Every structure is written in structure tokens, then in C-alpha cells.
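*Asks:* This is the structure, below, for whatever I ask next.
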2 protein chains.
Amino acid sequence: MSEIKELRAYFEDIIRLNYIQAVLGWDQEVNMQNYKSLEGRSKQVSLIEKLIHKKVTSEKVGKLIKKAEKLSNLNEIESAMLREIKREYDLATKLPEELVTEIAEMSILAAKDWREARSKKDFSIFQKMLEKSVDLQKEKARRLDTHPDMYSTLIDLYEPGATYNWIANVFNPIKPKLIDFVKKLNSSSNKPDDSILRKHYDPNKQFELSFEIIKNLNYDLGYGRQDRSTHPFTSSLASMDTRITTRTTENYLNECIFGTIHECGHALYEMGIKKELHDTILCEGTSMGIHESQSRMWENFVGRSKEFWRYWYPTFQKYFPEILKDYPIEEFYRAINIVQPSFIRVNADEVTYGLHVILRFEIEKDLIEDKIQVNELPELWNSKFEELLGIIPPDDALGVLQDIHWSMGAIGYFPTYFLGNLYGAQIYNDALKKYPSLPEDYKNGEFSNLLNYLREKVHQHGKIYRAHELIQKITGEKLNPKYFEEYIEKKFLPIYGF
Amino acid sequence: MSEIKELRAYFEDIIRLNYIQAVLGWDQEVNMQNYKSLEGRSKQVSLIEKLIHKKVTSEKVGKLIKKAEKLSNLNEIESAMLREIKREYDLATKLPEELVTEIAEMSILAAKDWREARSKKDFSIFQKMLEKSVDLQKEKARRLDTHPDMYSTLIDLYEPGATYNWIANVFNPIKPKLIDFVKKLNSSSNKPDDSILRKHYDPNKQFELSFEIIKNLNYDLGYGRQDRSTHPFTSSLASMDTRITTRTTENYLNECIFGTIHECGHALYEMGIKKELHDTILCEGTSMGIHESQSRMWENFVGRSKEFWRYWYPTFQKYFPEILKDYPIEEFYRAINIVQPSFIRVNADEVTYGLHVILRFEIEKDLIEDKIQVNELPELWNSKFEELLGIIPPDDALGVLQDIHWSMGAIGYFPTYFLGNLYGAQIYNDALKKYPSLPEDYKNGEFSNLLNYLREKVHQHGKIYRAHELIQKITGEKLNPKYFEEYIEKKFLPIYGF
């Protein structure tokens, strides 16, 4: 057996341990929210982390990699596999087992404090754990040391190949444009009114309806489920078991509906990876940015389009006749596309969303480089928020405490969300160029043509191509934010009567 | 560190892997019933099984055991720990890794076939997998070889210390008594009528009500959940995370209510094990028989008592007024205590239940000793069923296909169910002797005195004492079926007007 085949076989157990980790995580988020017994779970998670670390860093892997690198006849998949295995090995061997297990255990206990702090709107409850979490991430970055600056080292974990500078060069020019565009739209005398979305919608009906939508979007329930959790997420518990969660809010229709479509977009990506890659290191989205391009494409470019609602609005009217029966679809469409500064990132509209991300990106950079301390975060958050969005969160639950990421040690993750928007716009532009009638499909409740395009261009490849290769391969050029800029102008100016 | 402390520390990871296995199993039963993707899960389960097997059989363990056996100053807990670790080690070292993982993987795939066969009432769908499953168990018994006869070797896995002969000596005398007693009761001119239990009871209300009951029985929802599954079960996913499941049947109230109380009884046992034993090999019920004594004590001695219903019936009347408002409690009490031959073991009454078990016990013995073949099972089942219960199942779903156990390779498990009844009666008799006012408690919805008795006498000890030691310690004598015989006579003769 050639070394690459041996590596592939050896990594099967590692992939499975990763899936087992996903089962533990899924269960924790979906079933253990009110538990007093997270301690046992955190020990299980850190044990699996330890076993993975041991397996990845074994001498055998190092030797096989060296030999495999000398093989001259690797095909595209094998080369990518070797690249990813080497990456895992290089990263893991730089981290001592104790650090890996400490981070794993801590992330569960910190999430508990975070939850309590958020529900009590009291940052001080979370501060100590967050300090520990940030320290552990700095320690991790110092040891990994893959880039001259520590923040890039962490970013690279989620967006392989990306650096702080590269992202800053993308974000910086677009930042003032977004701020101005939000102002311009809000200067209109004909702004949408979204109060219709804030009526009382029965949560069970919302859930039911969201379930109908994912079926319509070709989410395969034979290989997945939809459940509820505090923070919606998508997780693959096996190559063919990709589950999503959503949350329902009584007085806000958006959370469940668009949250569901968003997670469904993630799930369709994972479900579309070709069989050949199953149970290998390549059976994953290639980067968080590309992953987010898929979720946000379905959520926004499809789910917030006029055509989508041409098909779905009558059903919504049937589910909620008291609220929607006499409400015109045009106004509903404008309501779901309102653009205005708001506090919560996950509920933000397509235009202000990027500003929420840029805020976190800039804060994380300073936090990792010790320019600011954890205890300064709430104030800093609020002042930056005012600078970017013109409003100040009334409490920390609506401010610095809103996201789970930092508690889990996921620093460097946030920028991928906005990268996702940009990748998504560029890919969707290509899809429309090739299949201009896609929006017509939506009017008929037909979403498989877009899915087929994405399967062919993005999903099936899993991790074979890095993000920058993939975007070049699909669109013939590098990441180019102009497609996103054009998209929002073309979409929102008419909505605001310009 | 002494060798016993070293063993204890070493086994922590093994205990955790067992809990992780429980998470995988719980999720499979609760969440993956309609899944096409069990294959990935079966690979995960067999991987964990492999890791456990490797860890248990490591040379280090063997050496530590030898040294620990020479220690003279072990306390009671340490001695029990050493006994159980040695048992695990001795068993595991006799089984090759391939057999262990094959059984683990197969049990999941066989359960899938079993499910299909049962729903289609077609034994042939399951036959091949069952043959394989039985063969693997025979192979396992041959290799373990702890008893002169193979069936005892398998029984001992679930009921340590028990053998076929010992159990047969308990079951054989009671078998004709049960058959006669059922006949006698059914010769009465004043038999209960259970049609009231077979009205339409809204499944969601049943579930809600069962939830109220477990809270009342002191099941701690901070460390557990109740969900639905095809086959109700209890599982500990950590030392402090014991979950139960139930099922609801629209036209049969018993399944959900008594099923829930049954599983709650199992859970209270696991939840009551003292902290000192958490995360050790002793943090489990000591045998399946003792476990079943707890579940069936709560289900029957408590849950089917007059006094329990004095407290709960008014609530049931409020939940289901159209059915129960004018129905007298005395008749309801008689209905839930009807004794009559029926097809499904888990729904059987307290008297016929033992016969269902004895049937399986006798069949398993012959199956393991090659006196009968798998393809003969349906016919044999039916003819034995007629012999013991006087009726013949109309199809295999109501006959040989009703239980999941054989598909999971659990041969030797069934006899522990009836042993549980007998142990339960003997322990409950002791409880009543010491606290004669227990039934009075129930009338007031007060169940903590019984629980405290059980915590002290049974639960806290986990696996410290073997079943035969425990029953001696609690009641001052060996297992004695007379308590069960006396209990059913005293309870059922009046119900049937004798």
C-alpha cells in the first residue's frame, strides 16, 4: 500500500473521533442547556481531544508524510489529502497535549459562564473565564507561530491561507462605503416598516413552517434533523448525518425563518460533498468563509429575494392568517429587507452585517496583541459600535456578550462571516450569469437548479481546493468585493425608493 | 501511589469511553430512528469499542492487578473495584479485538433489520442478521468460557454470579404456580375490565402527565431528560446525566404511564449512587436483576398500588375528563391490574410477566446449545407461548420479533427481568416491615421515604456488592421467591373477588 493510502486509512479513526466529538457537542447544545452536569461532558470532550491529538501527532504520521511527499504520482485528491494531513500534523505537533485538553475542557465550562452572564446581562460573571480563554488562545498562537502576527495565526485556523493584512485590505475600503450606504438608505422618505415581523407568531407554527422550507430546499431528512437550540448551528455527526438547529422567537419571525435557511445552506454544502471524500480529511467545507458563502447565499440571495416569497408568501398567509392575510407581499418583501443599525449580529440585515463583523475583527486584533484588556471590552465594544453603527447597546447582552464564539476560544473566526458574504456574492453572480432563469425557478418553488450548480462548483469538492483556488476556478478571478457592492446597490436602492 | 489508586486513575478514561458509547447509543435510539445513515454511527461505536478493548487489555492493567492483589490493606470499595477491574480484564483479554468490534458494529446494523422485520411482520427479513448475531454470541461464550455451559457464561455477563442451573431452580417451581394462578384468577365471575385504558388518550397529554409523575417521584431533571423512543430505555451518559425515554400509544394508556415509571425506577438507582463512586467502575447498578428490581418496584409495587392512584387519579381525571371524569377509581385500579395472557412482554401484567421471561429463558438455552436453529424460532415461540399462556400470537411482530435484545446480541439478558421481580418483592417486603406507613405516604404524593430507604439500602452502593451479597445484607436471607408469591396472592385475589 502506498504511503498516501496508508495515511488515508490511518486517518479514518481520527475523522471518526472528530465526528464523535461532534455528537458530544450537538447533544450538549441541543439537550443539555439547563443541565447542572456539564462537568462530565467536558471530561469526555477533553478525552476525545486527547485521543485525537495523540493519534495525529504519532511518529508514524510524521514518517508517512515524509515518504508520501516524495511520491510523484499523486492525483489531485491525494495531493490535497496530503496537504491537509500535513497541516494537521504540523499544527498538532506544536501544541502540547495538556494545552489541547485544557482548551477543550475550558471551552465547555466557559460557555456555561457566558450563558449565565448573558442572561443576567452581567459581563463580570464571564470576565474571568474570558480572560482565561483569551490567554489560552494567545498561548496557542505563540506555539503555532505560523505567521509573523499572532492574529493571522489564529485566522488561518478557520480560513486557511488568509491573514490579517489580506482581510484588512478587503474590509478597509468597504467599511466607509457600508457606513455611507446605510446613511443614504435611511435618508429616504420611503423606508420599509418591519413591524409586521414583530407581531406574535406561534413558535410551534414557525418551527413547522421552517421545516417545510428546508424540505423544499432539498435538505435530506433521511440524513439529518432539525432541532432547537439557543444558538443555531449546523454540525456533521458523520459523513452522512448533517443536522441543523434553529430557534424560535415569539415576537420576531426572522430568527426562525432566516436562521433556518441559513443553517440549511451550511448543511447543503456538507451533504453535497462527493462520496469519494467521505470519511477522509477532505470531507468538510474548505474554509469557514466558503461555508458562510453558502449559508448566506441561501439565506439572503435566495431567501430574501422577491421570487422566493412569490412562492412562499401564500403559505405563510395560510399559517398566520390573522397577521398576514391582508398584508401585501410587496410590503412584506420590503419589511424583510429593512436596512437599519441594530444590536444583534445574527439578526442584522445584509448591509449592516459587515459592520458587525468588522467591529469584532478590529477588537480581536487588539485583544490578541495585548493592546486592550478583557475588562475594557464592554466599553470599547459600545464606543466602536457607535462609531460604526451610530447606536449604543443598552446592555452587554445586546453588546459584547451576544456571541458564544469567544467563550469557545474561537478567536479569528468572525472575519470569515463577512468574507462569506463577499465570496457568496461573487459565486452567485457567476451562477446567474450561467443560469439567468434561476430566480424564475424560485417563483415555482424550484430550488434544485441552484443547488445543482453549487454541488458541481462548490460542494462536491469538499476540502480539495483552498478558498482562493476555488473562487478562481469558479469565477476566473480572485475574491472581488465589487460583486457584493453591486448586489446591495442593485437590490436596496429600489427598496428604498431611490 | 498504590496500585489500586493507579488502576482507578487508569480506568477513568475507560469509564469515560463507556459514557461516550452511551451518548452515541442514546442519540441513535432517540434521534436516528428514521435514518438512512446508521453506517457512520456503527463505525463510531465500533471504534470506541476498540479503544476500550485496547485500554482494558493493556499489559499495564494485568501487571497492576497482580500487584494490587497482594495489597493487604484494601478497604471495601477498593476490594470491589479490584474485583470488577479484574473481571473486566479477564473477560476482555479472552476476546480478540476483531470479535469485539464486529459485535459492536453488527448490533447496530442488525437492529435496523429487526426494526424493518418487525414493522413488516416478516421474520425472514431479520433471520440472516439474527443468525449472525447468535453465532457471534456463541463464539463469544466459547472464548470467555467462564462456566461449564455456554448459556451460563452469557448470563453471567448481565447477572454476575448467576448460572443457568441456579436460575432454573428458581424459575421451575414458580412456573406451574403462575400458570395455575392465572387460570384461577380468570375463572372468577368478577374480572376487571380494562377497556377504559384503551380509549383515545392524546399522546402529548400522556407525555406531559408522565413528566409530572417523574418529577413527583424525585427524578432530578437537572441531571436528566425524558424523551421518546421506539423502545423505552434508561441510560447514563455520565455519572451525573441519567436519561430516560418513553413511548406513547394513542389507544393504550399503560405504555407511556407505566413505562415511564419503570424507567424512572432504573434512573433513580443510577442517580442515587454515592459520589465517592462516580467515574469509577463501581458507578453502575450491580446487576441487571437488581436494576430491574428497582424499575419494577416503582412500576408495580408503587405505580400500580391503590394508594398511588388515590393521589394521582384526580389529576388524570383533569387531564382526560371526557374519559375519566365519571369513572370510579376502584374500577380504574382494577383495570390497571388486570391479569390475562397477552402477547407483548413489556405490557404484560405482574403475574403473566414471569411466564414471558421463562419462555425466552428456555428458548435461549436451547438456541445457544444448538438444540434449535434460528429459522425454527417463530414456530417454536408460538407453540411454547400456547403452552405457557394459552394463546398464539397472530403474527411475529406480536411474537418472536417483539424484543430488540437478540438483535443487539443480548442473549442471557432476559432472565434478569424476572429475577428483578423476585428481588424487588423481597426488598419491598423489607421496606414495608421497617416502614409500614409507606403506602400512606403515597396517598399524599410523598415518595421520598421509599426513595431514601432504597438509596440507603441499594442505590448508594453501586457495584460494591454483588446481587447475592446485597440481598443477604438487606433482607438477611438469600433470594427467596416466596415474597413475590405472597405479594401476588395478597394483591390479586381481592381484585378478582376471591
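Simple scheme: letters A, B, ... for chains in C-alpha cells order, numbers from 1 for residues in each chain, numbers from 1 for ligands in the order shown.
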Write out, as JSON lines, each residue of chain B that has an atom at most 12 Å from chain A, together with the closest pair of atoms and their distance in Å to one decimal, counting only C-alpha atoms, rows going by chain and rising number.
*Replies:*
{"residue": "B:Glu12", "atom": "CA", "partner": "A:Lys43", "partner_atom": "CA", "distance": 9.9}
{"residue": "B:Asp13", "atom": "CA", "partner": "A:Leu47", "partner_atom": "CA", "distance": 7.1}
{"residue": "B:Ile14", "atom": "CA", "partner": "A:Leu47", "partner_atom": "CA", "distance": 10.0}
{"residue": "B:Ile15", "atom": "CA", "partner": "A:Gln44", "partner_atom": "CA", "distance": 9.6}
{"residue": "B:Arg16", "atom": "CA", "partner": "A:Gln44", "partner_atom": "CA", "distance": 5.9}
{"residue": "B:Leu17", "atom": "CA", "partner": "A:Gln44", "partner_atom": "CA", "distance": 7.4}
{"residue": "B:Asn18", "atom": "CA", "partner": "A:Gln44", "partner_atom": "CA", "distance": 9.8}
{"residue": "B:Tyr19", "atom": "CA", "partner": "A:Gln44", "partner_atom": "CA", "distance": 7.9}
{"residue": "B:Ile20", "atom": "CA", "partner": "A:Gln44", "partner_atom": "CA", "distance": 6.8}
{"residue": "B:Gln21", "atom": "CA", "partner": "A:Ile20", "partner_atom": "CA", "distance": 9.4}
{"residue": "B:Ala22", "atom": "CA", "partner": "A:Leu24", "partner_atom": "CA", "distance": 10.6}
{"residue": "B:Val23", "atom": "CA", "partner": "A:Leu24", "partner_atom": "CA", "distance": 7.2}
{"residue": "B:Leu24", "atom": "CA", "partner": "A:Val23", "partner_atom": "CA", "distance": 7.2}
{"residue": "B:Gly25", "atom": "CA", "partner": "A:Val23", "partner_atom": "CA", "distance": 10.7}
{"residue": "B:Trp26", "atom": "CA", "partner": "A:Asp27", "partner_atom": "CA", "distance": 9.9}
{"residue": "B:Asp27", "atom": "CA", "partner": "A:Asp27", "partner_atom": "CA", "distance": 7.9}
{"residue": "B:Gln28", "atom": "CA", "partner": "A:Val23", "partner_atom": "CA", "distance": 10.3}
{"residue": "B:Val30", "atom": "CA", "partner": "A:Asp27", "partner_atom": "CA", "distance": 11.2}
{"residue": "B:Asn31", "atom": "CA", "partner": "A:Arg225", "partner_atom": "CA", "distance": 8.1}
{"residue": "B:Met32", "atom": "CA", "partner": "A:Gly224", "partner_atom": "CA", "distance": 8.6}
{"residue": "B:Gln33", "atom": "CA", "partner": "A:Gly222", "partner_atom": "CA", "distance": 9.8}
{"residue": "B:Asn34", "atom": "CA", "partner": "A:Gly222", "partner_atom": "CA", "distance": 6.7}
{"residue": "B:Tyr35", "atom": "CA", "partner": "A:Gly222", "partner_atom": "CA", "distance": 5.1}
{"residue": "B:Lys36", "atom": "CA", "partner": "A:Gly222", "partner_atom": "CA", "distance": 5.5}
{"residue": "B:Ser37", "atom": "CA", "partner": "A:Met240", "partner_atom": "CA", "distance": 5.8}
{"residue": "B:Leu38", "atom": "CA", "partner": "A:Asp241", "partner_atom": "CA", "distance": 8.7}
{"residue": "B:Glu39", "atom": "CA", "partner": "A:Met240", "partner_atom": "CA", "distance": 8.7}
{"residue": "B:Gly40", "atom": "CA", "partner": "A:Ala238", "partner_atom": "CA", "distance": 5.5}
{"residue": "B:Arg41", "atom": "CA", "partner": "A:Ala238", "partner_atom": "CA", "distance": 7.0}
{"residue": "B:Ser42", "atom": "CA", "partner": "A:Ala238", "partner_atom": "CA", "distance": 10.2}
{"residue": "B:Lys43", "atom": "CA", "partner": "A:Arg16", "partner_atom": "CA", "distance": 7.7}
{"residue": "B:Gln44", "atom": "CA", "partner": "A:Arg16", "partner_atom": "CA", "distance": 5.9}
{"residue": "B:Val45", "atom": "CA", "partner": "A:Ile20", "partner_atom": "CA", "distance": 9.0}
{"residue": "B:Ser46", "atom": "CA", "partner": "A:Arg16", "partner_atom": "CA", "distance": 10.3}
{"residue": "B:Leu47", "atom": "CA", "partner": "A:Asp13", "partner_atom": "CA", "distance": 7.1}
{"residue": "B:Ile48", "atom": "CA", "partner": "A:Leu17", "partner_atom": "CA", "distance": 8.6}
{"residue": "B:Lys50", "atom": "CA", "partner": "A:Asp13", "partner_atom": "CA", "distance": 10.5}
{"residue": "B:Leu51", "atom": "CA", "partner": "A:Leu51", "partner_atom": "CA", "distance": 9.6}
{"residue": "B:Ile52", "atom": "CA", "partner": "A:Leu51", "partner_atom": "CA", "distance": 12.0}
{"residue": "B:Lys55", "atom": "CA", "partner": "A:Leu51", "partner_atom": "CA", "distance": 12.0}
{"residue": "B:Asp220", "atom": "CA", "partner": "A:Lys36", "partner_atom": "CA", "distance": 10.2}
{"residue": "B:Leu221", "atom": "CA", "partner": "A:Tyr35", "partner_atom": "CA", "distance": 8.0}
{"residue": "B:Gly222", "atom": "CA", "partner": "A:Tyr35", "partner_atom": "CA", "distance": 5.1}
{"residue": "B:Tyr223", "atom": "CA", "partner": "A:Ser37", "partner_atom": "CA", "distance": 5.9}
{"residue": "B:Gly224", "atom": "CA", "partner": "A:Tyr35", "partner_atom": "CA", "distance": 7.7}
{"residue": "B:Arg225", "atom": "CA", "partner": "A:Asn31", "partner_atom": "CA", "distance": 8.1}
{"residue": "B:Gln226", "atom": "CA", "partner": "A:Asn31", "partner_atom": "CA", "distance": 10.4}
{"residue": "B:Asp227", "atom": "CA", "partner": "A:Asn31", "partner_atom": "CA", "distance": 10.1}
{"residue": "B:Ser236", "atom": "CA", "partner": "A:Gly40", "partner_atom": "CA", "distance": 10.9}
{"residue": "B:Leu237", "atom": "CA", "partner": "A:Arg41", "partner_atom": "CA", "distance": 8.3}
{"residue": "B:Ala238", "atom": "CA", "partner": "A:Gly40", "partner_atom": "CA", "distance": 5.6}
{"residue": "B:Ser239", "atom": "CA", "partner": "A:Gly40", "partner_atom": "CA", "distance": 6.9}
{"residue": "B:Met240", "atom": "CA", "partner": "A:Ser37", "partner_atom": "CA", "distance": 5.8}
{"residue": "B:Asp241", "atom": "CA", "partner": "A:Ser37", "partner_atom": "CA", "distance": 6.3}
{"residue": "B:Thr242", "atom": "CA", "partner": "A:Ser37", "partner_atom": "CA", "distance": 9.9}
{"residue": "B:Arg243", "atom": "CA", "partner": "A:Asn31", "partner_atom": "CA", "distance": 10.6}
{"residue": "B:Met271", "atom": "CA", "partner": "A:Ser37", "partner_atom": "CA", "distance": 12.0}
{"residue": "B:His278", "atom": "CA", "partner": "A:Gly40", "partner_atom": "CA", "distance": 9.9}
{"residue": "B:Asp279", "atom": "CA", "partner": "A:Gly40", "partner_atom": "CA", "distance": 8.7}
*Asks:* Which polymer residues have any atom within 7 Å of an atom of Val56 of chain B, counting only C-alpha atoms, with same-chain residues fewer than 4 positions away left out, as a list in words?
*Replies:*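 Within the cut-off, the hits are Ile52, Val61, Tyr89 and Ala92 of chain B.
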*Asks:* Within segment 312-498 of chain A, find each residue whose DSSP state, derived from the backbone, is helix (DSSP H, G or I), and express the selection as JSON, numbers by chain.
*Replies:* {"A": [312, 313, 314, 315, 316, 317, 318, 319, 321, 322, 323, 324, 329, 330, 331, 332, 333, 334, 335, 345, 346, 347, 353, 354, 355, 356, 357, 358, 359, 360, 361, 362, 363, 364, 365, 366, 367, 368, 374, 375, 376, 377, 378, 379, 380, 381, 382, 383, 384, 385, 386, 387, 388, 389, 396, 397, 398, 405, 406, 407, 408, 415, 416, 417, 418, 419, 420, 421, 422, 423, 424, 425, 426, 427, 428, 429, 430, 431, 432, 433, 434, 438, 439, 440, 441, 442, 443, 448, 449, 450, 451, 452, 453, 454, 455, 456, 457, 459, 460, 461, 467, 468, 469, 470, 471, 472, 473, 474, 475, 482, 483, 484, 485, 486, 487, 488, 489, 490, 491, 492, 493, 494, 495]}
*Asks:* Quick one: pull the distance between atom CA of Leu197 of chain A and atom CA of Leu253 of chain A, Å, one decimal.
*Replies:*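 About the pair atom CA of Leu197 of chain A and atom CA of Leu253 of chain A: they are 5.4 Å apart.
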*Asks:* May I have the residues within 10 Å of segment 308-320 of chain B as a PyMOL selection string, using only C-alpha atoms and disregarding those fewer than 4 positions away in the same chain?
*Replies:* chain B and resi 200-202+205-206+208-209+212-213+301-304+324-330+332-333+439-447
*Asks:* Do you know which residues are at most 8 Å from Lys191 of chain B counting only C-alpha atoms, after dropping those on the same chain fewer than 6 positions away, and could you put them as a list in words?
*Replies:* Leu185, Ile338, Ile495, Tyr496 and Gly497 of chain B
*Asks:* Identify, on the basis of only C-alpha atoms, every residue whose closest approach to Ser448 of chain A does not exceed 12 Å; exclude the query and any residue fewer than 6 positions from it along the same chain; express the result as a list in words.
*Replies:*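 Neighbouring residues, sequence-local ones excluded: Lys215, Asn216, Leu217, Asn218, Tyr219, Leu268, Leu438, Pro439, Asp441, Tyr442, Leu454, Arg455 and Glu456 of chain A.
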*Asks:* Taking only C-alpha atoms into account, which of B:Pro341, B:Gly265, B:Pro436, B:Gly412 comes nearest Glu364 of chain B?
*Replies:*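 Of B:Pro341, B:Gly265, B:Pro436, B:Gly412, the one nearest Glu364 of chain B is B:Gly412, counting only C-alpha atoms.
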*Asks:* So that I can check the surroundings of segment 132-148 of chain B, please list as a ChimeraX atom specification every protein, DNA and RNA residue that reaches within 6 Å of it, counting only C-alpha atoms and ignoring chain neighbours fewer than 4 positions away.
*Replies:* /B:94,153,409
*Asks:* Give me a file of those residues, with N, CA and C atoms, as a compact mmCIF listing (two decimals), in the first residue's frame.
*Replies:*
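Resulting contents of selection_36.txt:
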# COMPACT_ATOMS: atom_id res chain seq x y z
N LYS B 94 -9.80 -12.29 26.90
CA LYS B 94 -10.17 -13.53 26.20
C LYS B 94 -10.79 -13.27 24.83
N THR B 153 -22.33 -18.77 30.83
CA THR B 153 -21.28 -17.78 30.54
C THR B 153 -21.89 -16.46 30.09
N GLY B 409 -27.44 -8.63 20.30
CA GLY B 409 -26.56 -9.66 20.82
C GLY B 409 -26.75 -9.92 22.32
*Asks:* Report, in Å with one decimal, the straight-line distance from atom CA of Asp349 of chain B to atom CA of Pro494 of chain B.
*Replies:* 15.9 Å
*Asks:* Can you list, as a compact mmCIF listing (two decimals) with C-alpha atoms, in the first residue's frame, every protein, DNA or RNA residue that comes within 12 Å of Lys177 of chain A when you count only C-alpha atoms, leaving out same-chain residues fewer than 4 positions away?
*Replies:*
# COMPACT_ATOMS: atom_id res chain seq x y z
CA PHE A 171 -12.51 45.17 4.69
CA ASN A 172 -10.97 48.65 4.96
CA PRO A 173 -12.17 50.08 1.62
CA PHE A 181 -24.80 53.38 2.19
CA VAL A 182 -26.69 52.75 5.44
CA LYS A 183 -26.95 56.51 5.92
CA LYS A 184 -28.11 57.06 2.39
CA VAL A 351 -25.85 45.76 4.59
CA THR A 352 -25.08 46.44 8.24
CA GLY A 354 -20.47 43.53 7.53
CA LEU A 355 -20.06 46.34 10.03
CA LEU A 388 -19.73 52.10 13.03
CA PRO A 481 -15.80 42.69 -3.24
CA LYS A 482 -17.33 44.63 -6.13
CA PHE A 484 -21.24 42.36 -3.21
CA GLU A 485 -21.22 46.13 -3.57
CA GLU A 486 -23.08 45.93 -6.85
CA ILE A 488 -26.56 45.58 -2.44
CA GLU A 489 -26.91 48.71 -4.57
